[in-house]
Amino acid sequence: MGNLLEEIKKRRTFGIVSHPDAGKTTLTEKLLLFGGAIQVAGAVKSNKIKKTTVSDFMEIEKQRGISVATSVMAFNYKDVKVNILDTPGHKDFAEDTFRTLTAVDSVIVVIDVAKGVEEQTEKLVKVCRMRDTPIIVFINKLDREGKDGFDLLDEIEEKLGLKVLPMSWPVGMGQRFKGVYNIFEKELNLFMPHSKQDIPEEVIAITDLSDKILDEQVGEELANELREEAEILHEVYPKFSKEAYRKGEISPVFFGSAINNFGVKELLECFIDIAPDPMPRETEERMVEPTEPKFTGFVFKIHANIDPRHRDRIAFMRICSGTFKRNTNYYHVRQEKKMKFSNPTSFMASKKEIVEEAYPGDVVGLYDSGNFKIGDSMTEGEKLHFKGLPSFSPEIFRFVDNKDPMKYKQFQKGINQLMDEGVAQLFIREMDGRRIIGVVGALQFEVIQYRMEKEYTARVAYEQTNFRKACWVTCDNPAELKTFRQRRSRDLAKDKDGNLCFMAESDWMLRMAQENHPEVKFHFTSEFG
Ligand code: G4P
């Protein structure tokens, strides 16, 4: 038990979220370099999911292979074991990304100083806020011209709904960028482009901003700017409180330049210090504390091998409590059966290793021949169902039909397995039983088509729909629900678990339905009530 507690205290499991191109890969790589998990810059980068909007099947295949390797990147820094869960940034992988966010204890949000808060960041932060996940913000690319610091903070508060607290403040920007002033340590970190890993940043203690050293270092103009801005910062923003951060009430903000490895160490040090160790997890039955001696965990991601000769899949399981051990019988709650794993895998950067033991906060990869679905719980026998793995309302829909009547079985199996993996969501229309596939990004349709052919020898036919949004509906009044179902039968479908969904053709239609049926509740994730 003593050991378990120590292991838990040592762990920080988090995700980095950003809009594509803000610098997530670069920052991840710099963090891994600090942890000694990789030796050369470029190791993650060269593996990077290529940002392509063109559908290139080989590319999809390659990306899938890569994202297994970078699904979890673990490294040790000082005494802490850091687990970075990859949240794929490509627009078309958003659903996968949403789910990964349910397996982290905190996140770092990367924002491009020039672009400010972008669309995907908004979506991802919304998911984090649903669970009050603690958030640290890193504003990147200060070596380039960008938005004014205060404007950015306002934008973050407004668009992301975060209460921000700058921990550092930039001195100049772009051509004039001199460094950042660490408000709490009262230190000036001087910027040197392309500072290498082994060269420490030059740090000058300046306890009093009126000190002339500041002018000597950054010039009079910037020194005066900083003095003025520091005053505003002091007046406007609250004091840092670890507790408030951990409750998701305030978000510390750092400024830096990932590519120049500037501000990254500062971020990491602060992260190690303040980010939460593995937190309790909610199940439908009760709260599970990480310190409970009995093992529990849940599957948040499944990766299938695209090669039809190797049908195995990897299920990624987050450990929530107790110690997970290799070759030990555990209970698969949904299937009500015992299973043991001879080759559970851990991921240290891109290296895979068989693990003997894993602790809360860790992620293990389990080789699976089709036993797992996203959201499955494993325990030592207790019937627990972990919460926080909802399906999110997709926004692009197509009817899907089996093209080859001789292959109906393969078609059905393929569709079901791909849905289990969380590639997309399947809805069955009430009126006529037609299958509708809903995705977050359009590329998924091609992935499904391709994989159905390659892996299941089934061919799919798509047909456009006018649906724009699916939301789950409930109603406490059975009579009202009946009326709603009768009036709206054209727009109703069931999801994979038989829950009723309203398929709206536009926001306006959705609003009308809400207004006309005030007793009916519309939910935007599948987890409600
Ligand atoms: P992502 O994972 O969030 O999509 O972003 P990624 O790290 O790939 O960074 C996107 C681009 O921004 C890359 O340039 C990267 O080099 C650059 N970048 C990252 N951090 C900084 C920074 O602090 N300052 C500046 N000026 N640029 C930064 P690219 O041209 O798309 O790729 P590459 O050719 O450099 O590899």
# chains A, B, ... in the order shown; residues from 1 in each chain; ligands from 1
$ closest_atom_pairs --of "chain A" --to "ligand 1" --cutoff "6 Å" --atoms "only C-alpha atoms and all ligand atoms" --output "Markdown table"
| residue | atom | partner | partner_atom_place_in_ligand_line | distance |
| --- | --- | --- | --- | --- |
| A:Ser18 | CA | ligand 1 | 3 (O) | 5.9 |
| A:Pro20 | CA | ligand 1 | 4 (O) | 3.8 |
| A:Asp21 | CA | ligand 1 | 4 (O) | 3.3 |
| A:Ala22 | CA | ligand 1 | 3 (O) | 4.1 |
| A:Gly23 | CA | ligand 1 | 7 (O) | 3.3 |
| A:Lys24 | CA | ligand 1 | 3 (O) | 3.6 |
| A:Thr25 | CA | ligand 1 | 2 (O) | 3.6 |
| A:Thr26 | CA | ligand 1 | 7 (O) | 3.6 |
| A:Asn140 | CA | ligand 1 | 23 (O) | 5.2 |
| A:Lys141 | CA | ligand 1 | 23 (O) | 3.5 |
| A:Asp143 | CA | ligand 1 | 24 (N) | 5.6 |
| A:Arg144 | CA | ligand 1 | 26 (N) | 5.6 |
| A:Ser257 | CA | ligand 1 | 23 (O) | 3.2 |
| A:Ala258 | CA | ligand 1 | 23 (O) | 4.1 |
| A:Ile259 | CA | ligand 1 | 20 (N) | 4.1 |
| A:Asn260 | CA | ligand 1 | 23 (O) | 5.8 |
$ closest_residue --among "A:Lys81, A:Arg468, A:Arg435, A:Lys126" --to "Lys496 of chain A" --atoms "only C-alpha atoms"
A:Arg435
$ residues_around --residues "Glu395 of chain A" --least-positions-apart "4" --cutoff "9 Å" --atoms "only C-alpha atoms" --output "list in words"
Gly438, Val439, Val440, Gly441, Phe467, Arg468, Lys469 and Ala470 of chain A
$ closest_residue --among "A:His303, A:Arg398, A:Lys325, A:Lys265" --to "Thr28 of chain A" --atoms "only C-alpha atoms"
A:Lys265
